[in-house]
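Asks: One file is attached below, data.txt, containing compact mmCIF, C-alpha atoms.
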```txt
# COMPACT_ATOMS: atom_id res chain seq x y z
CA MET A 1 89.96 166.31 95.41
CA PRO A 2 90.49 167.86 92.04
CA CYS A 3 93.98 166.83 91.12
CA ASN A 4 95.13 170.31 90.19
CA LEU A 5 94.77 171.33 93.83
CA ALA A 6 96.85 168.71 95.61
CA VAL A 7 100.32 170.01 96.40
CA SER A 8 101.74 166.96 98.07
CA ILE A 9 100.87 163.31 98.48
CA THR A 10 102.26 160.93 101.07
CA LYS A 11 101.49 157.27 101.55
CA ALA A 12 101.77 155.48 104.87
CA ALA A 13 100.53 152.32 106.51
CA VAL A 14 100.41 150.35 109.70
CA THR A 15 101.36 146.70 109.74
CA GLU A 16 98.67 144.05 109.62
CA GLU A 17 99.71 143.08 113.14
CA LYS A 18 99.04 146.60 114.43
CA LEU A 19 95.75 146.77 112.56
CA LEU A 20 94.54 143.47 113.97
CA ALA A 21 95.65 144.54 117.44
CA LEU A 22 92.75 147.00 117.38
CA LEU A 23 90.39 144.03 117.47
CA VAL A 24 90.44 143.40 121.19
CA PRO A 25 87.81 140.97 122.50
CA GLU A 26 85.84 143.69 124.30
CA VAL A 27 85.40 145.51 120.98
CA VAL A 28 84.83 142.47 118.81
CA LEU A 29 82.29 140.74 121.03
CA PRO A 30 79.41 143.19 120.48
CA VAL A 31 80.26 143.39 116.76
CA VAL A 32 80.01 139.63 116.37
CA GLN A 33 76.87 139.44 118.50
CA SER A 34 75.22 142.14 116.42
CA TYR A 35 76.18 140.41 113.18
CA LEU A 36 74.85 137.04 114.29
CA SER A 37 71.54 138.64 115.25
CA GLN A 38 70.99 139.99 111.74
CA PRO A 39 68.20 138.30 109.79
CA GLY A 40 69.46 135.66 107.42
CA VAL A 41 72.84 135.10 109.04
CA LEU A 42 71.79 132.01 110.93
CA THR A 43 69.63 129.24 109.60
CA ALA A 44 66.28 128.53 111.21
CA ASP A 45 67.82 125.61 113.12
CA GLU A 46 70.83 127.48 114.47
CA ARG A 47 71.25 129.31 117.75
CA ALA A 48 74.31 131.39 118.54
CA ASN A 49 76.14 132.42 121.65
CA VAL A 50 79.34 134.40 122.06
CA GLY A 51 81.57 134.30 125.08
CA GLN A 52 84.99 135.60 126.03
CA GLN A 53 87.77 133.40 127.31
CA GLY A 54 90.90 135.40 128.02
CA ASN A 55 92.01 137.07 124.81
CA ARG A 56 89.76 135.06 122.57
CA LEU A 57 86.11 134.79 121.80
CA LEU A 58 84.27 131.53 121.55
CA VAL A 59 81.44 131.73 119.06
CA TYR A 60 78.95 128.91 119.30
CA VAL A 61 76.72 128.48 116.27
CA GLY A 62 74.61 125.36 116.35
CA SER A 63 77.04 122.52 116.94
CA LEU A 64 80.02 124.55 115.72
CA VAL A 65 82.57 126.42 117.79
CA LEU A 66 84.52 129.23 116.18
CA TYR A 67 87.51 130.90 117.78
CA VAL A 68 88.29 134.59 117.33
CA GLU A 69 91.69 135.69 118.51
CA GLY A 70 94.00 138.45 117.35
CA GLY A 71 91.56 139.38 114.63
CA ARG A 72 91.62 135.91 113.13
CA VAL A 73 88.83 133.35 112.99
CA SER A 74 89.22 129.61 113.01
CA THR A 75 87.28 126.47 113.63
CA TYR A 76 88.02 122.81 113.73
CA ALA A 77 86.93 121.42 110.40
CA THR A 78 84.83 118.33 110.49
CA GLU A 79 83.38 116.43 107.62
CA GLY A 80 80.02 117.02 106.05
CA TYR A 81 77.68 119.84 106.94
CA ASN A 82 79.82 121.24 109.71
CA GLU A 83 82.82 121.63 107.44
CA VAL A 84 80.90 123.61 104.81
CA ARG A 85 79.02 125.69 107.35
CA GLY A 86 82.15 126.21 109.41
CA ASN A 87 84.04 127.53 106.40
CA GLU A 88 81.13 129.82 105.54
CA LEU A 89 81.07 131.30 109.01
CA VAL A 90 84.85 131.67 109.18
CA ALA A 91 84.79 133.59 105.88
CA ALA A 92 81.86 135.76 106.97
CA LEU A 93 83.35 136.61 110.35
CA SER A 94 86.78 137.23 108.81
CA ASN A 95 85.24 139.75 106.41
CA LEU A 96 83.34 141.32 109.29
CA LEU A 97 86.49 141.68 111.37
CA ALA A 98 88.42 143.18 108.45
CA LEU A 99 85.71 145.84 108.09
CA ALA A 100 85.70 146.40 111.84
CA ALA A 101 89.48 146.84 111.87
CA ASP A 102 89.26 149.37 109.04
CA ALA A 103 86.54 151.29 110.89
CA LEU A 104 88.52 151.29 114.14
CA PHE A 105 91.63 152.43 112.30
CA ALA A 106 89.70 155.30 110.69
CA GLN A 107 88.40 156.34 114.11
CA GLN A 108 91.93 156.29 115.49
CA VAL A 109 93.22 158.45 112.63
CA LYS A 110 90.31 160.86 113.00
CA ALA A 111 90.89 161.23 116.74
CA ALA A 112 94.57 161.99 116.15
CA LEU A 113 93.76 164.58 113.46
CA ALA A 114 91.37 166.40 115.79
CA ARG A 115 94.36 168.20 117.29
CA PHE A 116 94.49 170.30 114.11
CA GLY A 117 90.83 171.32 114.26
CA LYS A 118 87.40 170.11 113.28
CA VAL A 119 87.63 166.95 111.22
CA GLY A 120 85.09 166.35 108.48
CA GLN A 121 84.51 162.81 107.30
CA GLN A 122 83.00 161.31 104.21
CA GLN A 123 82.66 157.74 102.99
CA VAL A 124 83.69 157.51 99.35
CA MET A 125 84.66 155.00 96.71
CA VAL A 126 88.11 155.49 95.27
CA ASP A 127 90.12 154.18 92.36
CA ASN A 128 93.37 153.02 93.90
CA GLY A 129 95.63 151.92 91.09
CA GLY A 130 92.77 150.42 89.15
CA VAL A 131 91.13 148.83 92.17
CA THR A 132 87.86 150.31 93.42
CA GLN A 133 87.82 150.50 97.20
CA ALA A 134 85.71 152.01 99.94
CA ALA A 135 87.57 154.72 101.78
CA MET A 136 87.01 157.28 104.49
CA VAL A 137 88.14 160.81 103.67
CA LEU A 138 89.03 162.91 106.69
CA THR A 139 89.34 166.63 106.02
CA VAL A 140 90.84 169.40 108.14
CA LYS A 141 90.78 173.01 106.97
CA LEU A 142 93.61 175.13 108.32
CA MET B 1 94.67 175.18 102.94
CA GLU B 2 93.29 171.73 103.49
CA ILE B 3 94.57 168.40 104.73
CA LYS B 4 92.84 165.35 103.33
CA VAL B 5 93.61 161.93 104.73
CA PHE B 6 92.24 159.03 102.73
CA VAL B 7 91.89 156.05 105.05
CA LEU B 8 92.02 152.94 102.89
CA PRO B 9 91.37 149.27 103.68
CA GLY B 10 94.16 147.36 105.36
CA GLY B 11 95.57 150.15 107.50
CA LYS B 12 96.75 152.35 104.65
CA VAL B 13 96.48 156.12 104.37
CA GLN B 14 97.22 158.70 101.73
CA ILE B 15 97.77 162.23 103.02
CA MET B 16 97.17 165.10 100.62
CA VAL B 17 97.75 168.78 101.26
CA ASP B 18 96.22 171.32 98.94
CA GLY B 19 95.60 175.03 98.69
CA GLN B 20 97.79 178.06 98.27
CA VAL B 21 100.92 176.61 99.82
CA SER B 22 104.37 175.82 98.54
CA PHE B 23 105.59 172.26 98.38
CA GLU B 24 107.92 173.00 101.29
CA GLN B 25 104.99 174.18 103.39
CA ALA B 26 102.93 171.17 102.37
CA LYS B 27 105.81 168.91 103.33
CA ALA B 28 106.11 170.54 106.75
CA ILE B 29 102.37 170.13 107.31
CA THR B 30 102.52 166.51 106.23
CA ASP B 31 105.39 165.84 108.60
CA ALA B 32 103.35 167.42 111.41
CA VAL B 33 100.35 165.26 110.52
CA ILE B 34 102.43 162.10 110.56
CA ALA B 35 103.98 163.08 113.89
CA GLN B 36 100.54 163.75 115.32
CA LEU B 37 99.21 160.43 114.05
CA GLN B 38 102.13 158.64 115.68
CA ALA B 39 101.60 160.57 118.92
CA GLY B 40 97.92 159.68 118.77
CA GLY B 41 98.67 155.98 118.73
CA VAL B 42 98.51 155.37 114.99
CA ALA B 43 101.59 153.19 114.68
CA LEU B 44 102.60 153.98 111.11
CA SER B 45 105.48 151.72 110.23
CA GLU B 46 105.69 152.39 106.53
CA VAL B 47 105.87 156.07 105.72
CA GLY B 48 106.69 157.07 102.19
CA THR B 49 108.39 160.24 101.15
CA VAL B 50 106.34 163.40 100.76
CA GLU B 51 105.94 163.61 97.00
CA GLN B 52 105.13 166.59 94.90
CA HIS B 53 101.89 166.01 93.09
CA LYS B 54 103.03 167.58 89.85
CA ASP B 55 105.70 164.91 89.60
CA GLY B 56 102.96 162.49 88.60
CA VAL B 57 102.92 160.35 91.73
CA THR B 58 100.16 157.76 91.69
CA HIS B 59 97.39 158.23 94.22
CA VAL B 60 93.75 157.47 94.87
CA HIS B 61 91.00 159.22 92.95
CA VAL B 62 87.47 159.50 94.24
CA THR B 63 85.27 157.49 91.91
CA GLY B 64 82.85 159.77 90.11
CA GLY B 65 84.48 162.84 91.62
CA VAL B 66 86.02 165.77 89.82
CA HIS B 67 89.29 164.77 88.26
CA VAL B 68 91.36 167.44 86.61
CA GLN B 69 94.02 165.92 84.43
CA HIS B 70 97.54 165.95 85.79
```
Using structure tokens, write down the structure from this file.

Replies:
Amino acid sequence: MPCNLAVSITKAAVTEEKLLALLVPEVVLPVVQSYLSQPGVLTADERANVGQQGNRLLVYVGSLVLYVEGGRVSTYATEGYNEVRGNELVAALSNLLALAADALFAQQVKAALARFGKVGQQQVMVDNGGVTQAAMVLTVKL
Amino acid sequence: MEIKVFVLPGGKVQIMVDGQVSFEQAKAITDAVIAQLQAGGVALSEVGTVEQHKDGVTHVHVTGGVHVQH
């Protein structure tokens, strides 16, 4: 918004724990499945399968098993190809889950704001203290 | 009057109130927004003070958007 219009500014945040708590297995499973089905994510030799075991997901990619629990991704590192590929997949899925958590958080905020009226939303890039970030702007006119 | 909530990565938000309102009114609206977010399940644990924009508080700027100098 043009800066001459803002009257007040307030910053707030949820803890990382609360943010990651949004990533329940039932929500994460289809996100991970969809990601793994994208062209170029898996090599020609790899097949993937995702299953739920209690509060965690087991992600099978080729001979690797990745564990997704509480919004965190891990795998047992082994030497050679599996170690490199395992680290790649852990990084990729971690980034995916961070984006998913941000999207879920934005949905939660939007739903709460709806009490005040129609909520407009726009995806923007912002300068946050010198750091360029993607952000969702939710607008309510009173 | 308009409420803008910037939802940032990592569970952070910046709430801005603009329009023809006094700071006291903007503060009351902001408090109501925060209360509503909490009631709606957004578990805000770090809530800063409602700051008056003219005091030069740092905040996000939309990249490429209109930016009138403080």

Asks: Which polymer residues have any atom within 8 Å of an atom of Val50 in chain B, counting only C-alpha atoms, with same-chain residues fewer than 6 positions away left out, as JSON, numbers by chain?

Replies: {"A": [8, 9, 10, 11], "B": [27, 30]}

Asks: Pull out every residue of chain A that has at least one atom within 9 Å of chain B, counting all atoms listed in the file, and report them as a PyMOL selection string.

Replies: chain A and resi 1-16+18-19+98-99+101-103+105-106+108-113+115-116+124-129+132-142

Asks: So what do you get for CA of Asn87 in chain A versus CA of Leu23 in chain A, distance-wise?

Replies: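 A separation of 20.9 Å between them.
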
Asks: Which residues come within 10 Å of Arg72 in chain A, counting all atoms listed in the file, excluding same-chain residues fewer than 3 positions away, as a VMD selection string?

Replies: chain A and resid 20 23 56 67 to 69 90 93 to 94 97 to 98

Asks: Selection from above, C-alpha atoms, as a short mmCIF file (atom, residue, chain, number, x, y, z; two decimals), in the frame of the given file, can you write it?

Replies:
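selection.cif, freshly written:
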```cif
data_model
loop_
_atom_site.label_atom_id
_atom_site.label_comp_id
_atom_site.auth_asym_id
_atom_site.auth_seq_id
_atom_site.Cartn_x
_atom_site.Cartn_y
_atom_site.Cartn_z
CA LEU A 20 94.54 143.47 113.97
CA LEU A 23 90.39 144.03 117.47
CA ARG A 56 89.76 135.06 122.57
CA TYR A 67 87.51 130.90 117.78
CA VAL A 68 88.29 134.59 117.33
CA GLU A 69 91.69 135.69 118.51
CA VAL A 90 84.85 131.67 109.18
CA LEU A 93 83.35 136.61 110.35
CA SER A 94 86.78 137.23 108.81
CA LEU A 97 86.49 141.68 111.37
CA ALA A 98 88.42 143.18 108.45
#
```

Asks: Do you have the CA of Asn82 in chain A-CA of Val59 in chain A distance handy?

Replies: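 Those two atoms sit 14.1 Å apart.
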
Asks: When you draw a straight line from CA of Gln122 in chain A to CA of Gly40 in chain A, how long is it in Å?

Replies: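 We find that CA of Gln122 in chain A and CA of Gly40 in chain A lie 29.2 Å from each other.
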
Asks: Name the residues, using the chain letters and numbers of the file, that sit within 8 Å of (77.6, 136.7, 125.4) when counting all atoms listed in the file, and give them as an mmCIF file with C-alpha atoms, in the coordinates of the input.

Replies:
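Contents of the output file point_21.cif:
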```
data_model
loop_
_atom_site.group_PDB
_atom_site.id
_atom_site.type_symbol
_atom_site.label_atom_id
_atom_site.label_comp_id
_atom_site.auth_asym_id
_atom_site.auth_seq_id
_atom_site.Cartn_x
_atom_site.Cartn_y
_atom_site.Cartn_z
ATOM 1 C CA LEU A 29 82.290 140.740 121.030
ATOM 2 C CA GLN A 33 76.870 139.440 118.500
ATOM 3 C CA ASN A 49 76.140 132.420 121.650
ATOM 4 C CA VAL A 50 79.340 134.400 122.060
ATOM 5 C CA GLY A 51 81.570 134.300 125.080
ATOM 6 C CA GLN A 52 84.990 135.600 126.030
#
```

Asks: Since the input is missing atoms for range 16-45 of chain B, could you rebuild it with N, CA and C atoms and give the result as a PDB file, keeping the file's coordinate frame?

Replies:
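Saved to result.pdb:
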```pdb
ATOM      1  N   MET B  16      97.034 164.079 101.662  1.00  0.00           N
ATOM      2  CA  MET B  16      97.170 165.100 100.620  1.00  0.00           C
ATOM      3  C   MET B  16      97.014 166.473 101.250  1.00  0.00           C
ATOM      4  N   VAL B  17      97.854 167.383 100.834  1.00  0.00           N
ATOM      5  CA  VAL B  17      97.750 168.780 101.260  1.00  0.00           C
ATOM      6  C   VAL B  17      97.487 169.610 100.024  1.00  0.00           C
ATOM      7  N   ASP B  18      96.498 170.478 100.106  1.00  0.00           N
ATOM      8  CA  ASP B  18      96.220 171.320  98.940  1.00  0.00           C
ATOM      9  C   ASP B  18      96.028 172.766  99.378  1.00  0.00           C
ATOM     10  N   GLY B  19      95.830 173.610  98.411  1.00  0.00           N
ATOM     11  CA  GLY B  19      95.600 175.030  98.690  1.00  0.00           C
ATOM     12  C   GLY B  19      96.776 175.876  98.243  1.00  0.00           C
ATOM     13  N   GLN B  20      96.760 177.102  98.686  1.00  0.00           N
ATOM     14  CA  GLN B  20      97.790 178.060  98.270  1.00  0.00           C
ATOM     15  C   GLN B  20      99.019 177.931  99.163  1.00  0.00           C
ATOM     16  N   VAL B  21      99.708 176.828  99.029  1.00  0.00           N
ATOM     17  CA  VAL B  21     100.920 176.610  99.820  1.00  0.00           C
ATOM     18  C   VAL B  21     102.017 176.088  98.896  1.00  0.00           C
ATOM     19  N   SER B  22     103.238 176.349  99.294  1.00  0.00           N
ATOM     20  CA  SER B  22     104.370 175.820  98.540  1.00  0.00           C
ATOM     21  C   SER B  22     104.542 174.347  98.882  1.00  0.00           C
ATOM     22  N   PHE B  23     105.323 173.659  98.076  1.00  0.00           N
ATOM     23  CA  PHE B  23     105.590 172.260  98.380  1.00  0.00           C
ATOM     24  C   PHE B  23     106.301 172.129  99.726  1.00  0.00           C
ATOM     25  N   GLU B  24     107.191 173.060 100.023  1.00  0.00           N
ATOM     26  CA  GLU B  24     107.920 173.000 101.290  1.00  0.00           C
ATOM     27  C   GLU B  24     106.958 173.134 102.478  1.00  0.00           C
ATOM     28  N   GLN B  25     105.986 174.031 102.324  1.00  0.00           N
ATOM     29  CA  GLN B  25     104.990 174.180 103.390  1.00  0.00           C
ATOM     30  C   GLN B  25     104.122 172.918 103.501  1.00  0.00           C
ATOM     31  N   ALA B  26     103.748 172.389 102.360  1.00  0.00           N
ATOM     32  CA  ALA B  26     102.930 171.170 102.370  1.00  0.00           C
ATOM     33  C   ALA B  26     103.696 170.020 103.018  1.00  0.00           C
ATOM     34  N   LYS B  27     104.981 169.965 102.736  1.00  0.00           N
ATOM     35  CA  LYS B  27     105.810 168.910 103.330  1.00  0.00           C
ATOM     36  C   LYS B  27     105.886 169.064 104.844  1.00  0.00           C
ATOM     37  N   ALA B  28     106.038 170.299 105.296  1.00  0.00           N
ATOM     38  CA  ALA B  28     106.110 170.540 106.750  1.00  0.00           C
ATOM     39  C   ALA B  28     104.790 170.157 107.418  1.00  0.00           C
ATOM     40  N   ILE B  29     103.684 170.478 106.758  1.00  0.00           N
ATOM     41  CA  ILE B  29     102.370 170.130 107.310  1.00  0.00           C
ATOM     42  C   ILE B  29     102.220 168.610 107.346  1.00  0.00           C
ATOM     43  N   THR B  30     102.629 167.965 106.286  1.00  0.00           N
ATOM     44  CA  THR B  30     102.520 166.510 106.230  1.00  0.00           C
ATOM     45  C   THR B  30     103.352 165.860 107.336  1.00  0.00           C
ATOM     46  N   ASP B  31     104.548 166.384 107.531  1.00  0.00           N
ATOM     47  CA  ASP B  31     105.390 165.840 108.600  1.00  0.00           C
ATOM     48  C   ASP B  31     104.717 166.016 109.964  1.00  0.00           C
ATOM     49  N   ALA B  32     104.058 167.171 110.143  1.00  0.00           N
ATOM     50  CA  ALA B  32     103.350 167.420 111.410  1.00  0.00           C
ATOM     51  C   ALA B  32     102.168 166.459 111.558  1.00  0.00           C
ATOM     52  N   VAL B  33     101.480 166.199 110.468  1.00  0.00           N
ATOM     53  CA  VAL B  33     100.350 165.260 110.520  1.00  0.00           C
ATOM     54  C   VAL B  33     100.835 163.867 110.889  1.00  0.00           C
ATOM     55  N   ILE B  34     101.895 163.440 110.268  1.00  0.00           N
ATOM     56  CA  ILE B  34     102.430 162.100 110.560  1.00  0.00           C
ATOM     57  C   ILE B  34     102.878 162.011 112.020  1.00  0.00           C
ATOM     58  N   ALA B  35     103.540 163.066 112.483  1.00  0.00           N
ATOM     59  CA  ALA B  35     103.980 163.080 113.890  1.00  0.00           C
ATOM     60  C   ALA B  35     102.784 163.017 114.825  1.00  0.00           C
ATOM     61  N   GLN B  36     101.725 163.743 114.469  1.00  0.00           N
ATOM     62  CA  GLN B  36     100.540 163.750 115.320  1.00  0.00           C
ATOM     63  C   GLN B  36      99.841 162.397 115.306  1.00  0.00           C
ATOM     64  N   LEU B  37      99.806 161.771 114.134  1.00  0.00           N
ATOM     65  CA  LEU B  37      99.210 160.430 114.050  1.00  0.00           C
ATOM     66  C   LEU B  37      99.978 159.464 114.939  1.00  0.00           C
ATOM     67  N   GLN B  38     101.297 159.537 114.851  1.00  0.00           N
ATOM     68  CA  GLN B  38     102.130 158.640 115.680  1.00  0.00           C
ATOM     69  C   GLN B  38     101.881 158.908 117.162  1.00  0.00           C
ATOM     70  N   ALA B  39     101.823 160.207 117.515  1.00  0.00           N
ATOM     71  CA  ALA B  39     101.600 160.570 118.920  1.00  0.00           C
ATOM     72  C   ALA B  39     100.209 160.126 119.386  1.00  0.00           C
ATOM     73  N   GLY B  40      99.283 160.071 118.442  1.00  0.00           N
ATOM     74  CA  GLY B  40      97.920 159.680 118.770  1.00  0.00           C
ATOM     75  C   GLY B  40      97.702 158.178 118.764  1.00  0.00           C
ATOM     76  N   GLY B  41      98.776 157.429 118.638  1.00  0.00           N
ATOM     77  CA  GLY B  41      98.670 155.980 118.730  1.00  0.00           C
ATOM     78  C   GLY B  41      98.526 155.261 117.401  1.00  0.00           C
ATOM     79  N   VAL B  42      98.571 156.007 116.311  1.00  0.00           N
ATOM     80  CA  VAL B  42      98.510 155.370 114.990  1.00  0.00           C
ATOM     81  C   VAL B  42      99.939 154.955 114.635  1.00  0.00           C
ATOM     82  N   ALA B  43     100.212 153.684 114.783  1.00  0.00           N
ATOM     83  CA  ALA B  43     101.590 153.190 114.680  1.00  0.00           C
ATOM     84  C   ALA B  43     102.000 152.982 113.230  1.00  0.00           C
ATOM     85  N   LEU B  44     102.193 154.083 112.516  1.00  0.00           N
ATOM     86  CA  LEU B  44     102.600 153.980 111.110  1.00  0.00           C
ATOM     87  C   LEU B  44     104.014 153.430 111.030  1.00  0.00           C
ATOM     88  N   SER B  45     104.156 152.335 110.334  1.00  0.00           N
ATOM     89  CA  SER B  45     105.480 151.720 110.230  1.00  0.00           C
ATOM     90  C   SER B  45     106.080 151.906 108.849  1.00  0.00           C
TER      91      SER B  45
END
```
